Amino acid sequence: MRFLVAYLSQTGNTRKVAEAIYEVLEGEKEIMPLSEVESLEGYDLAFIGFPIHASNPAAEAKAFLEEKGRGKKVALFVTHAAPEDHELVSGFLEKCKAAVSHADLVGMFDCQGELSQAVIDILAKSDNPKYREFAAYGPQTKGQPDDSRLEKARVFARDVVNKLKGT
Ligand SMILES: Cc1cc2nc3c(=O)[nH]c(=O)nc-3n(C[C@H](O)[C@H](O)[C@H](O)COP(=O)(O)O)c2cc1C
């Protein structure tokens, strides 16, 4: 099988998850920033990762999926500052699913990612109340994604591949 792991990551959280997923894939595999992906042609499965920005998939990722995801087998991995069990997270994930409604979504993983101090400062000063709300999560996001979350990402990747092989 031929796999692509592509990620959008401003502060490194989603890249860490991408690397954990990439580690456990067996076969032909490539990993690269989303901005370097010309096409999803020729891959059996593309793992595509990005952060949540203002309760939505980051705009560049959404545009990428709309432009290049049509009819392609994709698995999404998403990071956000909110804890996984926060009431807003299911809404974030619905928006992510909507961004791949024209693709063949075979799995989705999400986990918390640290808010860097630079990002906290920017969000706290924003006019957008959603951004200000997420600045408040700063302290409790430190060190995420941690080892246990990265291990969950590895399990996710193995499960998705096994599911694909079984079909
Ligand atoms: C402009 C901006 C908006 C954000 N909005 C949200 C949000 O609405 N909900 C949330 O849980 N996290 C939000 N975050 C936090 C990021 O999703 C989180 O820190 C993510 O792990 C960053 O991933 P990265 O390091 O790969 O860029 C926002 C971050 C930025 C920079």
# chains A, B, ... in the order shown; residues from 1 in each chain; ligands from 1
$ closest_atom_pairs --of "stretch 97-138 of chain A" --to "stretch 151-154 of chain A" --cutoff "10 Å" --atoms "only C-alpha atoms" --output "CSV"
residue,atom,partner,partner_atom,distance
A:Met108,CA,A:Ala153,CA,9.9
A:Phe109,CA,A:Ala153,CA,6.9
A:Asp110,CA,A:Ala153,CA,8.3
A:Cys111,CA,A:Ala153,CA,8.6
$ write_last_selection --atoms "all heavy atoms" --output "PDB file, in the first residue's frame"
ATOM      1  N   MET A 108     -11.174   9.198  11.547  1.00  0.00           N
ATOM      2  CA  MET A 108     -10.834  10.536  12.024  1.00  0.00           C
ATOM      3  C   MET A 108     -10.322  10.435  13.464  1.00  0.00           C
ATOM      4  O   MET A 108     -10.891   9.719  14.282  1.00  0.00           O
ATOM      5  CB  MET A 108     -12.058  11.436  11.959  1.00  0.00           C
ATOM      6  CG  MET A 108     -11.754  12.859  12.305  1.00  0.00           C
ATOM      7  SD  MET A 108     -12.898  14.026  11.557  1.00  0.00           S
ATOM      8  CE  MET A 108     -14.312  13.754  12.534  1.00  0.00           C
ATOM      9  N   PHE A 109      -9.245  11.157  13.734  1.00  0.00           N
ATOM     10  CA  PHE A 109      -8.633  11.177  15.066  1.00  0.00           C
ATOM     11  C   PHE A 109      -8.509  12.631  15.487  1.00  0.00           C
ATOM     12  O   PHE A 109      -8.196  13.500  14.670  1.00  0.00           O
ATOM     13  CB  PHE A 109      -7.238  10.543  14.986  1.00  0.00           C
ATOM     14  CG  PHE A 109      -6.444  10.680  16.253  1.00  0.00           C
ATOM     15  CD1 PHE A 109      -6.650   9.793  17.306  1.00  0.00           C
ATOM     16  CD2 PHE A 109      -5.501  11.692  16.414  1.00  0.00           C
ATOM     17  CE1 PHE A 109      -5.935   9.917  18.495  1.00  0.00           C
ATOM     18  CE2 PHE A 109      -4.781  11.823  17.595  1.00  0.00           C
ATOM     19  CZ  PHE A 109      -4.998  10.928  18.638  1.00  0.00           C
ATOM     20  N   ASP A 110      -8.744  12.896  16.776  1.00  0.00           N
ATOM     21  CA  ASP A 110      -8.491  14.257  17.252  1.00  0.00           C
ATOM     22  C   ASP A 110      -7.867  14.206  18.632  1.00  0.00           C
ATOM     23  O   ASP A 110      -8.076  13.252  19.383  1.00  0.00           O
ATOM     24  CB  ASP A 110      -9.789  15.076  17.299  1.00  0.00           C
ATOM     25  CG  ASP A 110     -10.686  14.637  18.441  1.00  0.00           C
ATOM     26  OD1 ASP A 110     -11.271  13.551  18.349  1.00  0.00           O
ATOM     27  OD2 ASP A 110     -10.774  15.380  19.450  1.00  0.00           O
ATOM     28  N   CYS A 111      -7.073  15.213  18.950  1.00  0.00           N
ATOM     29  CA  CYS A 111      -6.534  15.318  20.314  1.00  0.00           C
ATOM     30  C   CYS A 111      -6.175  16.768  20.624  1.00  0.00           C
ATOM     31  O   CYS A 111      -6.085  17.625  19.731  1.00  0.00           O
ATOM     32  CB  CYS A 111      -5.327  14.405  20.514  1.00  0.00           C
ATOM     33  SG  CYS A 111      -3.829  14.945  19.687  1.00  0.00           S
TER      34      CYS A 111
END
$ select_by_dssp --residues "stretch 14-49 of chain A" --states "alpha helix (DSSP H)" --output "JSON, numbers by chain"
{"A": [14, 15, 16, 17, 18, 19, 20, 21, 22, 23, 24]}
$ residues_around --residues "A:Leu4" --least-positions-apart "4" --cutoff "12 Å" --atoms "only C-alpha atoms" --output "PyMOL selection string"
chain A and resi 18-19+21-23+25-34+36-49+72-76+157
$ closest_atom_pairs --of "chain A" --to "ligand 1" --cutoff "9 Å" --atoms "only C-alpha atoms and all ligand atoms" --output "Markdown table"
| residue | atom | partner | partner_atom_place_in_ligand_line | distance |
| --- | --- | --- | --- | --- |
| A:Tyr7 | CA | ligand 1 | 26 (O) | 7.9 |
| A:Leu8 | CA | ligand 1 | 26 (O) | 6.3 |
| A:Ser9 | CA | ligand 1 | 26 (O) | 3.3 |
| A:Gln10 | CA | ligand 1 | 27 (O) | 3.5 |
| A:Thr11 | CA | ligand 1 | 25 (O) | 3.4 |
| A:Gly12 | CA | ligand 1 | 25 (O) | 4.0 |
| A:Asn13 | CA | ligand 1 | 25 (O) | 3.7 |
| A:Thr14 | CA | ligand 1 | 26 (O) | 3.6 |
| A:Arg15 | CA | ligand 1 | 26 (O) | 5.8 |
| A:Lys16 | CA | ligand 1 | 26 (O) | 7.9 |
| A:Val17 | CA | ligand 1 | 26 (O) | 8.6 |
| A:Gly49 | CA | ligand 1 | 26 (O) | 8.2 |
| A:Phe50 | CA | ligand 1 | 26 (O) | 6.1 |
| A:Pro51 | CA | ligand 1 | 17 (O) | 4.3 |
| A:Ile52 | CA | ligand 1 | 17 (O) | 4.0 |
| A:His53 | CA | ligand 1 | 5 (N) | 3.5 |
| A:Ala54 | CA | ligand 1 | 8 (O) | 3.3 |
| A:Ser55 | CA | ligand 1 | 8 (O) | 3.7 |
| A:Asn56 | CA | ligand 1 | 8 (O) | 6.6 |
| A:Pro57 | CA | ligand 1 | 17 (O) | 8.6 |
| A:Ala58 | CA | ligand 1 | 3 (C) | 8.1 |
| A:Val78 | CA | ligand 1 | 21 (O) | 7.8 |
| A:Thr79 | CA | ligand 1 | 21 (O) | 4.3 |
| A:His80 | CA | ligand 1 | 17 (O) | 3.5 |
| A:Ala81 | CA | ligand 1 | 11 (O) | 3.8 |
| A:Ala82 | CA | ligand 1 | 11 (O) | 3.9 |
| A:Pro83 | CA | ligand 1 | 11 (O) | 7.4 |
| A:Glu84 | CA | ligand 1 | 11 (O) | 8.8 |
| A:His86 | CA | ligand 1 | 11 (O) | 8.8 |
| A:Leu88 | CA | ligand 1 | 11 (O) | 8.0 |
| A:Val89 | CA | ligand 1 | 11 (O) | 7.2 |
| A:Phe92 | CA | ligand 1 | 9 (N) | 7.8 |
| A:Cys111 | CA | ligand 1 | 21 (O) | 7.9 |
| A:Gln112 | CA | ligand 1 | 21 (O) | 6.1 |
| A:Gly113 | CA | ligand 1 | 21 (O) | 3.4 |
| A:Glu114 | CA | ligand 1 | 19 (O) | 4.9 |
| A:Leu115 | CA | ligand 1 | 19 (O) | 4.2 |
| A:Ser116 | CA | ligand 1 | 19 (O) | 6.9 |
| A:Ala118 | CA | ligand 1 | 31 (C) | 8.9 |
| A:Val119 | CA | ligand 1 | 31 (C) | 5.4 |
| A:Ile120 | CA | ligand 1 | 31 (C) | 8.0 |
| A:Ile122 | CA | ligand 1 | 1 (C) | 7.8 |
| A:Leu123 | CA | ligand 1 | 1 (C) | 6.5 |
| A:Lys130 | CA | ligand 1 | 8 (O) | 6.0 |
| A:Tyr131 | CA | ligand 1 | 5 (N) | 5.5 |
| A:Arg132 | CA | ligand 1 | 5 (N) | 8.8 |
| A:Glu133 | CA | ligand 1 | 8 (O) | 8.0 |
| A:Phe134 | CA | ligand 1 | 6 (C) | 5.7 |
| A:Ala135 | CA | ligand 1 | 14 (N) | 8.0 |
| A:Tyr137 | CA | ligand 1 | 11 (O) | 8.2 |
| A:Gly138 | CA | ligand 1 | 19 (O) | 8.6 |
| A:Thr141 | CA | ligand 1 | 19 (O) | 8.1 |
| A:Gln144 | CA | ligand 1 | 21 (O) | 7.8 |
| A:Pro145 | CA | ligand 1 | 21 (O) | 7.8 |
$ select_by_dssp --residues "stretch 41-165 of chain A" --states "strand (DSSP E)" --output "NGL selection string"
:A and (45-53 or 56-57 or 73-80 or 104-112)
$ atom_distance --atom1 "atom CA of A:Leu150" --atom2 "atom CA of A:Ala136"
23.9 Å
$ decode --residues "stretch 126-159 of chain A" --atoms "C-alpha atoms" --output "PDB file, in the first residue's frame"
ATOM      1  CA  SER A 126      -8.439  39.271  19.067  1.00  0.00           C
ATOM      2  CA  ASP A 127     -11.740  40.933  18.165  1.00  0.00           C
ATOM      3  CA  ASN A 128     -13.158  37.467  17.610  1.00  0.00           C
ATOM      4  CA  PRO A 129     -14.774  36.236  20.882  1.00  0.00           C
ATOM      5  CA  LYS A 130     -14.150  32.609  19.869  1.00  0.00           C
ATOM      6  CA  TYR A 131     -10.416  33.308  19.686  1.00  0.00           C
ATOM      7  CA  ARG A 132     -10.476  35.037  23.090  1.00  0.00           C
ATOM      8  CA  GLU A 133     -12.313  32.071  24.594  1.00  0.00           C
ATOM      9  CA  PHE A 134      -9.579  29.693  23.457  1.00  0.00           C
ATOM     10  CA  ALA A 135      -6.805  31.858  24.827  1.00  0.00           C
ATOM     11  CA  ALA A 136      -8.143  30.916  28.276  1.00  0.00           C
ATOM     12  CA  TYR A 137      -7.260  27.255  27.659  1.00  0.00           C
ATOM     13  CA  GLY A 138      -3.564  28.081  27.517  1.00  0.00           C
ATOM     14  CA  PRO A 139      -2.231  26.764  30.833  1.00  0.00           C
ATOM     15  CA  GLN A 140      -4.085  23.447  30.730  1.00  0.00           C
ATOM     16  CA  THR A 141      -2.786  22.593  27.252  1.00  0.00           C
ATOM     17  CA  LYS A 142       0.921  22.533  28.200  1.00  0.00           C
ATOM     18  CA  GLY A 143       2.857  19.583  26.816  1.00  0.00           C
ATOM     19  CA  GLN A 144       0.101  18.352  24.488  1.00  0.00           C
ATOM     20  CA  PRO A 145       0.022  16.175  22.526  1.00  0.00           C
ATOM     21  CA  ASP A 146       1.791  14.084  25.181  1.00  0.00           C
ATOM     22  CA  ASP A 147       3.030  10.495  24.797  1.00  0.00           C
ATOM     23  CA  SER A 148      -0.322   8.955  25.622  1.00  0.00           C
ATOM     24  CA  ARG A 149      -2.046  11.017  22.951  1.00  0.00           C
ATOM     25  CA  LEU A 150       0.650  10.180  20.400  1.00  0.00           C
ATOM     26  CA  GLU A 151       0.201   6.507  21.242  1.00  0.00           C
ATOM     27  CA  LYS A 152      -3.539   6.861  20.583  1.00  0.00           C
ATOM     28  CA  ALA A 153      -2.660   8.353  17.192  1.00  0.00           C
ATOM     29  CA  ARG A 154      -0.489   5.296  16.404  1.00  0.00           C
ATOM     30  CA  VAL A 155      -3.324   2.960  17.372  1.00  0.00           C
ATOM     31  CA  PHE A 156      -5.685   4.990  15.191  1.00  0.00           C
ATOM     32  CA  ALA A 157      -3.360   4.710  12.200  1.00  0.00           C
ATOM     33  CA  ARG A 158      -2.979   0.948  12.576  1.00  0.00           C
ATOM     34  CA  ASP A 159      -6.750   0.513  12.941  1.00  0.00           C
TER      35      ASP A 159
END
